[in-house]
file structure13.cif (mmCIF, C-alpha atoms)
data_protein
loop_
_atom_site.label_atom_id
_atom_site.label_comp_id
_atom_site.auth_asym_id
_atom_site.auth_seq_id
_atom_site.Cartn_x
_atom_site.Cartn_y
_atom_site.Cartn_z
CA MET A 67 -5.08 -34.95 31.87
CA VAL A 68 -2.57 -33.01 33.92
CA ALA A 69 -3.60 -29.80 32.17
CA ASN A 70 -7.28 -30.55 32.79
CA ARG A 71 -6.70 -31.18 36.50
CA ALA A 72 -4.65 -28.02 36.76
CA GLY A 73 -7.42 -26.05 35.08
CA GLU A 74 -10.02 -27.51 37.43
CA ALA A 75 -7.84 -26.65 40.41
CA VAL A 76 -7.59 -23.05 39.25
CA ARG A 77 -11.36 -22.81 38.78
CA GLU A 78 -11.98 -24.33 42.20
CA SER A 79 -9.58 -21.87 43.80
CA LEU A 80 -11.51 -19.03 42.28
CA LYS A 81 -14.94 -20.17 43.43
CA PRO A 82 -14.73 -18.92 47.04
CA ARG A 83 -13.87 -15.40 45.83
CA LEU A 84 -16.67 -15.07 43.33
CA PRO A 85 -19.54 -14.45 45.76
CA GLU A 86 -17.52 -11.72 47.45
CA SER A 87 -16.78 -9.99 44.15
CA ARG A 88 -20.32 -10.02 42.77
CA TRP A 89 -21.80 -7.34 44.99
CA PRO A 90 -19.07 -4.73 44.49
CA LEU A 91 -19.16 -5.40 40.75
CA ALA A 92 -22.96 -5.16 40.66
CA LEU A 93 -22.90 -1.92 42.64
CA LEU A 94 -20.20 -0.46 40.38
CA LEU A 95 -22.06 -1.36 37.19
CA SER A 96 -25.33 -0.02 38.62
CA ALA A 97 -23.66 3.27 39.53
CA LEU A 98 -22.21 3.57 36.03
CA VAL A 99 -25.59 2.87 34.43
CA VAL A 100 -27.21 5.59 36.54
CA LEU A 101 -24.34 8.00 35.84
CA TYR A 102 -24.37 7.45 32.08
CA ALA A 103 -28.13 7.10 31.52
CA PRO A 104 -28.52 10.82 30.61
CA VAL A 105 -25.48 10.54 28.32
CA PHE A 106 -26.99 7.53 26.52
CA ALA A 107 -30.30 9.35 26.08
CA GLU A 108 -28.72 12.53 24.69
CA THR A 109 -26.35 10.62 22.44
CA ALA A 110 -29.19 8.51 21.00
CA HIS A 111 -31.13 11.71 20.33
CA LEU A 112 -28.18 13.20 18.43
CA TRP A 113 -27.82 10.02 16.39
CA GLN A 114 -31.37 10.56 15.16
CA THR A 115 -31.23 14.32 14.60
CA ASP A 116 -27.64 15.09 13.53
CA GLU A 117 -26.74 13.68 10.13
CA TYR A 118 -23.02 13.90 10.88
CA SER A 119 -23.48 11.62 13.89
CA ALA A 120 -25.97 9.16 12.38
CA HIS A 121 -23.30 6.49 11.92
CA GLY A 122 -22.88 6.39 15.70
CA ALA A 123 -26.00 4.27 16.09
CA PHE A 124 -24.22 1.36 14.39
CA ILE A 125 -21.06 1.51 16.51
CA PRO A 126 -22.40 -0.37 19.59
CA LEU A 127 -23.78 -3.05 17.27
CA LEU A 128 -20.41 -3.48 15.55
CA SER A 129 -18.63 -3.62 18.92
CA GLY A 130 -21.12 -6.25 20.06
CA LEU A 131 -20.43 -8.23 16.89
CA LEU A 132 -16.71 -8.12 17.63
CA LEU A 133 -17.38 -9.39 21.15
CA TRP A 134 -19.44 -12.27 19.77
CA TRP A 135 -16.66 -13.17 17.33
CA LYS A 136 -14.15 -13.15 20.20
CA ARG A 137 -16.32 -15.37 22.43
CA LYS A 138 -14.08 -18.45 22.10
CA GLU A 139 -10.96 -16.42 22.86
CA LEU A 140 -12.69 -14.92 25.88
CA ALA A 141 -13.89 -18.30 27.12
CA ALA A 142 -10.34 -19.66 27.02
CA ALA A 143 -8.80 -16.63 28.73
CA THR A 144 -8.02 -16.50 32.44
CA GLY A 145 -6.80 -13.68 34.61
CA SER A 146 -6.94 -11.90 37.90
CA PRO A 147 -8.10 -8.38 38.78
CA SER A 148 -5.59 -5.59 38.25
CA VAL A 149 -5.48 -2.43 40.33
CA LEU A 150 -4.14 -0.64 37.23
CA GLY A 151 -7.77 -0.47 36.13
CA PHE A 152 -8.27 2.41 38.57
CA ILE A 153 -6.13 4.66 36.35
CA PRO A 154 -8.34 4.66 33.19
CA LEU A 155 -11.46 4.45 35.38
CA VAL A 156 -10.58 7.62 37.29
CA LEU A 157 -9.47 9.40 34.11
CA GLY A 158 -12.76 8.51 32.42
CA LEU A 159 -14.81 9.74 35.36
CA CYS A 160 -12.82 12.99 35.41
CA LEU A 161 -13.53 13.44 31.71
CA GLU A 162 -17.22 12.79 32.30
CA SER A 163 -17.19 15.43 35.06
CA LEU A 164 -15.54 17.88 32.66
CA ALA A 165 -18.24 17.10 30.09
CA TRP A 166 -20.93 17.85 32.67
CA LEU A 167 -19.32 21.18 33.54
CA THR A 168 -18.80 22.23 29.91
CA ARG A 169 -22.02 20.66 28.56
CA LEU A 170 -20.04 18.87 25.83
CA ASN A 171 -21.67 15.58 24.90
CA LEU A 172 -18.58 14.59 22.93
CA PHE A 173 -16.49 14.35 26.10
CA ALA A 174 -19.29 12.57 27.96
CA THR A 175 -19.57 9.82 25.34
CA VAL A 176 -15.81 9.47 24.90
CA SER A 177 -15.35 9.19 28.68
CA LEU A 178 -17.24 5.90 28.60
CA VAL A 179 -14.34 4.28 26.75
CA PRO A 180 -11.67 4.58 29.48
CA VAL A 181 -14.33 3.84 32.10
CA LEU A 182 -15.27 0.54 30.44
CA PHE A 183 -11.64 -0.37 29.86
CA GLY A 184 -10.79 0.47 33.47
CA VAL A 185 -13.65 -1.66 34.81
CA THR A 186 -12.61 -4.55 32.55
CA LEU A 187 -9.01 -4.32 33.73
CA LEU A 188 -10.06 -3.93 37.34
CA VAL A 189 -12.41 -6.91 37.36
CA PHE A 190 -11.00 -9.35 34.80
CA GLY A 191 -7.32 -8.49 34.47
CA ASN A 192 -4.79 -7.75 31.76
CA ARG A 193 -5.39 -10.66 29.37
CA ILE A 194 -9.13 -10.18 28.98
CA ALA A 195 -8.65 -6.41 28.85
CA ARG A 196 -6.30 -6.86 25.88
CA ILE A 197 -8.85 -9.05 24.10
CA LEU A 198 -11.62 -6.50 24.68
CA ALA A 199 -9.47 -3.44 24.00
CA PHE A 200 -10.48 -2.89 20.38
CA PRO A 201 -14.24 -3.47 20.83
CA ILE A 202 -14.16 -1.01 23.74
CA PHE A 203 -12.07 1.68 22.07
CA PHE A 204 -14.07 1.33 18.86
CA LEU A 205 -16.95 2.87 20.82
CA VAL A 206 -15.22 6.25 20.56
CA PHE A 207 -16.71 6.54 17.06
CA ALA A 208 -20.18 6.59 18.61
CA ALA A 209 -19.51 10.06 20.04
CA PRO A 210 -21.56 12.78 18.27
CA LEU A 211 -19.43 15.25 16.32
CA PRO A 212 -19.91 18.87 17.45
CA ARG A 213 -20.07 21.70 14.94
CA TRP A 214 -16.70 23.12 16.05
CA ILE A 215 -15.11 19.93 14.72
CA VAL A 216 -17.31 19.44 11.65
CA GLN A 217 -17.16 22.99 10.26
CA PRO A 218 -13.38 23.47 9.91
CA ILE A 219 -13.01 20.08 8.20
CA SER A 220 -16.19 20.09 6.13
CA LEU A 221 -15.54 23.48 4.52
CA PRO A 222 -12.23 22.54 2.80
CA ILE A 223 -13.74 19.25 1.59
CA GLN A 224 -16.74 21.17 0.28
CA THR A 225 -14.37 23.50 -1.58
CA ILE A 226 -12.37 20.61 -3.05
CA SER A 227 -15.53 18.86 -4.26
CA THR A 228 -16.84 22.04 -5.87
CA LYS A 229 -13.60 23.04 -7.57
CA ALA A 230 -12.86 19.56 -8.88
CA ALA A 231 -16.39 18.98 -10.19
CA THR A 232 -16.57 22.37 -11.89
CA GLY A 233 -13.17 21.73 -13.45
CA ILE A 234 -14.41 18.49 -14.98
CA VAL A 235 -17.66 20.05 -16.18
CA ARG A 236 -15.77 23.00 -17.69
CA ALA A 237 -13.43 20.60 -19.51
CA LEU A 238 -16.51 18.91 -21.00
CA GLY A 239 -17.58 22.23 -22.51
CA VAL A 240 -20.53 23.13 -20.25
CA ASP A 241 -21.17 26.84 -19.79
CA PHE A 242 -21.74 28.06 -16.22
CA VAL A 243 -20.89 30.79 -13.76
CA GLU A 244 -19.32 29.74 -10.48
CA ASP A 245 -20.43 31.74 -7.45
CA GLY A 246 -18.89 30.22 -4.35
CA PHE A 247 -20.68 26.92 -3.83
CA TYR A 248 -23.33 27.80 -6.40
CA VAL A 249 -22.91 26.76 -10.02
CA ARG A 250 -25.25 28.83 -12.20
CA MET A 251 -26.08 27.22 -15.54
CA PRO A 252 -28.64 28.32 -18.16
CA LYS A 253 -31.26 25.79 -17.04
CA VAL A 254 -30.60 25.48 -13.33
CA THR A 255 -28.42 26.55 -10.41
CA VAL A 256 -26.73 23.69 -8.60
CA GLU A 257 -25.62 24.23 -5.01
CA VAL A 258 -22.86 22.09 -3.53
CA ALA A 259 -24.25 22.27 0.00
CA GLU A 260 -22.35 21.38 3.15
CA GLN A 261 -24.32 18.14 3.38
CA CYS A 262 -23.00 17.23 -0.09
CA SER A 263 -19.39 18.14 0.69
CA GLY A 264 -18.27 14.54 1.19
CA PHE A 265 -17.36 14.96 4.87
CA LYS A 266 -20.16 12.71 6.08
CA LYS A 267 -19.17 9.94 3.69
CA SER A 268 -15.53 10.35 4.64
CA VAL A 269 -16.25 9.86 8.34
CA SER A 270 -18.54 6.88 7.73
CA LEU A 271 -16.08 5.21 5.38
CA MET A 272 -13.14 5.70 7.75
CA VAL A 273 -15.15 4.16 10.59
CA PHE A 274 -16.07 1.21 8.37
CA ALA A 275 -12.43 0.88 7.31
CA CYS A 276 -11.35 0.73 10.96
CA PHE A 277 -13.83 -2.08 11.64
CA TYR A 278 -13.01 -3.88 8.39
CA GLY A 279 -9.26 -3.78 8.95
CA ALA A 280 -9.62 -5.14 12.49
CA LEU A 281 -11.24 -8.31 11.15
CA PHE A 282 -8.02 -9.43 9.49
CA ALA A 283 -4.60 -10.39 10.82
CA ILE A 284 -2.67 -7.64 9.05
CA PRO A 285 0.03 -5.37 10.51
CA LEU A 286 -1.09 -2.26 12.34
CA TRP A 287 0.44 0.07 9.75
CA ARG A 288 -1.71 -1.54 7.06
CA GLN A 289 -4.82 -1.07 9.18
CA VAL A 290 -3.90 2.60 9.67
CA LEU A 291 -3.28 3.00 5.94
CA LEU A 292 -6.64 1.42 5.16
CA VAL A 293 -8.40 3.87 7.48
CA ALA A 294 -6.48 6.78 5.97
CA LEU A 295 -7.59 5.73 2.47
CA GLY A 296 -11.23 6.08 3.50
CA ALA A 297 -11.24 9.88 3.25
CA PRO A 298 -9.72 10.27 -0.26
CA ILE A 299 -11.90 7.45 -1.60
CA ALA A 300 -15.02 9.16 -0.25
CA ILE A 301 -13.95 12.57 -1.56
CA LEU A 302 -13.18 11.25 -5.05
CA ALA A 303 -16.50 9.42 -5.18
CA ASN A 304 -18.29 12.55 -4.00
CA ILE A 305 -16.61 14.61 -6.74
CA LEU A 306 -18.00 12.12 -9.23
CA ARG A 307 -21.48 12.53 -7.74
CA VAL A 308 -21.35 16.33 -7.85
CA THR A 309 -20.13 16.18 -11.45
CA VAL A 310 -23.04 13.93 -12.44
CA MET A 311 -25.48 16.29 -10.73
CA MET A 312 -24.10 19.27 -12.63
CA LEU A 313 -24.22 17.44 -15.95
CA ALA A 314 -27.78 16.32 -15.27
CA GLY A 315 -28.73 19.92 -14.50
CA ALA A 316 -27.07 21.18 -17.67
CA VAL A 317 -29.02 18.70 -19.82
CA TRP A 318 -32.40 18.37 -18.08
CA GLY A 319 -32.50 21.35 -15.77
CA GLU A 320 -33.92 21.14 -12.25
CA PRO A 321 -35.90 17.90 -12.89
CA GLY A 322 -32.64 16.20 -13.85
CA VAL A 323 -30.96 17.30 -10.63
CA HIS A 324 -33.84 15.95 -8.55
CA ARG A 325 -33.97 12.74 -10.56
CA PHE A 326 -30.30 11.91 -9.96
CA HIS A 327 -29.96 13.26 -6.40
CA ASP A 328 -30.92 10.23 -4.30
CA PRO A 329 -29.90 7.43 -6.73
CA SER A 330 -26.45 8.98 -7.16
CA GLU A 331 -25.97 9.07 -3.38
CA ALA A 332 -26.68 5.33 -3.15
CA CYS A 333 -24.43 4.55 -6.11
CA VAL A 334 -21.57 6.62 -4.69
CA LEU A 335 -21.85 4.88 -1.32
CA LEU A 336 -21.71 1.48 -3.02
CA LEU A 337 -18.72 2.62 -5.07
CA CYS A 338 -16.93 3.75 -1.89
CA ILE A 339 -17.45 0.37 -0.24
CA VAL A 340 -16.27 -1.53 -3.33
CA LEU A 341 -13.11 0.62 -3.61
CA LEU A 342 -12.38 0.24 0.09
CA LEU A 343 -12.81 -3.55 -0.08
CA PHE A 344 -10.46 -3.62 -3.07
CA ALA A 345 -7.90 -1.55 -1.16
CA GLY A 346 -8.25 -3.96 1.73
CA LYS A 347 -7.56 -6.94 -0.49
CA VAL A 348 -4.43 -5.24 -1.82
CA LEU A 349 -3.28 -4.63 1.76
CA GLY A 350 -3.79 -8.27 2.71
CA CYS A 351 -7.37 -8.46 4.01
CA LYS A 352 -8.12 -11.92 2.67
CA LYS A 353 -9.09 -14.23 5.54
CA VAL A 354 -11.21 -13.20 8.50
CA ARG A 355 -9.27 -14.06 11.63
CA TYR A 356 -12.34 -14.80 13.78
CA LEU A 357 -13.62 -17.51 11.40
CA GLU A 358 -10.51 -19.63 11.72
#
call {"tool": "encode", "arguments": {"input": "structure13.cif", "output": "structure tokens"}}
result
Amino acid sequence: MVANRAGEAVRESLKPRLPESRWPLALLLSALVVLYAPVFAETAHLWQTDEYSAHGAFIPLLSGLLLWWKRKELAAATGSPSVLGFIPLVLGLCLESLAWLTRLNLFATVSLVPVLFGVTLLVFGNRIARILAFPIFFLVFAAPLPRWIVQPISLPIQTISTKAATGIVRALGVDFVEDGFYVRMPKVTVEVAEQCSGFKKSVSLMVFACFYGALFAIPLWRQVLLVALGAPIAILANILRVTVMMLAGAVWGEPGVHRFHDPSEACVLLLCIVLLLFAGKVLGCKKVRYLE
């Protein structure tokens, strides 16, 4: 009873300040919507047209799901505005200005993260900001990946996939001539294109691993390890896919490559998810914290 009366007293003390805080908050949010509307439009366009950024379309949905799961924790939280919110807010706006000057959409999208965190801290305070920290910072994965980031990473992965797959196929006794990323066999030439390098699957799996690990009450180092395992799991699965494609080409020629191209992609993706879930179980991901 004492706790209930104390809670009611706190809520009553806050009521007179709420009407005064609504207009500044509404004006701030309106200004941010106007400022970031072009960024949202360009980012959504890149999600649809750039295959390396396609996973970004799911990031706001996953962040929203995390917010929904945290609804009880948010409802029970109390706090007061913190002027420290101006620091990430100003930093985010400076980054957005830099993005406008350099025409880099990556910086523009990423700048939304400190802006949102700053507004949360400024309006709701430290406790609610801590609760919302991960859903907000998870939005960084929605940023489209520019070519100057993709190319230097994708090329080594493409090389690893090609060399490993050709090594397996050679060990199985298949005759071929390797010419860069082209594998020339008697019946067909198989190209390990950049899109088939495994980079795209690596990024998607690491993002999923980050979300998956956050659902469980495991130490931070285990969450980091789970995310780090996403890349090698995706690369190994992609090597298996490229090997199957080469073997299909050696046996059935070009029709075999086309026949196994799309189904093998789906199978490899499923294999990646299963292996990641298994790794998560080993690391202690057994009971979802938000369902308790």
call {"tool": "closest_residue", "arguments": {"input": "structure13.cif", "among": "A:Glu260, A:Lys347, A:Phe274, A:Ile339", "to": "A:Pro218", "atoms": "all atoms listed in the file"}}
result
A:Glu260
call {"tool": "residues_around", "arguments": {"input": "structure13.cif", "residues": "stretch 267-271 of chain A", "least_positions_apart": "5", "cutoff": "7 Å", "atoms": "all atoms listed in the file", "output": "number ranges by chain"}}
result
A: 121, 296-297, 300-301
call {"tool": "resolve_selection", "arguments": {"input": "structure13.cif", "expression": "the PyMOL selection byres ((chain A and resi 346) around 9)", "output": "PDB file with C-alpha atoms, keeping the file's coordinate frame"}}
result
ATOM      1  CA  ALA A 275     -12.430   0.880   7.310  1.00  0.00           C
ATOM      2  CA  TYR A 278     -13.010  -3.880   8.390  1.00  0.00           C
ATOM      3  CA  GLY A 279      -9.260  -3.780   8.950  1.00  0.00           C
ATOM      4  CA  ARG A 288      -1.710  -1.540   7.060  1.00  0.00           C
ATOM      5  CA  GLN A 289      -4.820  -1.070   9.180  1.00  0.00           C
ATOM      6  CA  LEU A 292      -6.640   1.420   5.160  1.00  0.00           C
ATOM      7  CA  LEU A 341     -13.110   0.620  -3.610  1.00  0.00           C
ATOM      8  CA  LEU A 342     -12.380   0.240   0.090  1.00  0.00           C
ATOM      9  CA  LEU A 343     -12.810  -3.550  -0.080  1.00  0.00           C
ATOM     10  CA  PHE A 344     -10.460  -3.620  -3.070  1.00  0.00           C
ATOM     11  CA  ALA A 345      -7.900  -1.550  -1.160  1.00  0.00           C
ATOM     12  CA  LYS A 347      -7.560  -6.940  -0.490  1.00  0.00           C
ATOM     13  CA  VAL A 348      -4.430  -5.240  -1.820  1.00  0.00           C
ATOM     14  CA  LEU A 349      -3.280  -4.630   1.760  1.00  0.00           C
ATOM     15  CA  GLY A 350      -3.790  -8.270   2.710  1.00  0.00           C
ATOM     16  CA  CYS A 351      -7.370  -8.460   4.010  1.00  0.00           C
ATOM     17  CA  LYS A 352      -8.120 -11.920   2.670  1.00  0.00           C
TER      18      LYS A 352
END
call {"tool": "atom_distance", "arguments": {"input": "structure13.cif", "atom1": "atom CA of A:Phe207", "atom2": "atom CA of A:Gly122"}}
result
6.3 Å
call {"tool": "closest_residue", "arguments": {"input": "structure13.cif", "among": "A:Leu336, A:Leu172, A:Val354, A:Gln114", "to": "A:Leu211", "atoms": "all atoms listed in the file"}}
result
A:Leu172
call {"tool": "residues_around", "arguments": {"input": "structure13.cif", "residues": "A:Gly151", "least_positions_apart": "6", "cutoff": "6 Å", "atoms": "only C-alpha atoms", "output": "PyMOL selection string"}}
result
chain A and resi 184+187-188
call {"tool": "residues_around", "arguments": {"input": "structure13.cif", "residues": "A:Gly233", "least_positions_apart": "2", "cutoff": "12 Å", "atoms": "only C-alpha atoms", "output": "PyMOL selection string"}}
result
chain A and resi 226-231+235-244+249+305-306+308-309+312
call {"tool": "atom_distance", "arguments": {"input": "structure13.cif", "atom1": "atom CA of A:Pro180", "atom2": "atom CA of A:Leu157"}}
result
7.0 Å
call {"tool": "atom_distance", "arguments": {"input": "structure13.cif", "atom1": "atom CA of A:Arg213", "atom2": "atom CA of A:Glu257"}}
result
20.9 Å
call {"tool": "residues_around", "arguments": {"input": "structure13.cif", "residues": "A:Lys353", "least_positions_apart": "5", "cutoff": "10 Å", "atoms": "all atoms listed in the file", "output": "PyMOL selection string"}}
result
chain A and resi 281-284+347+358
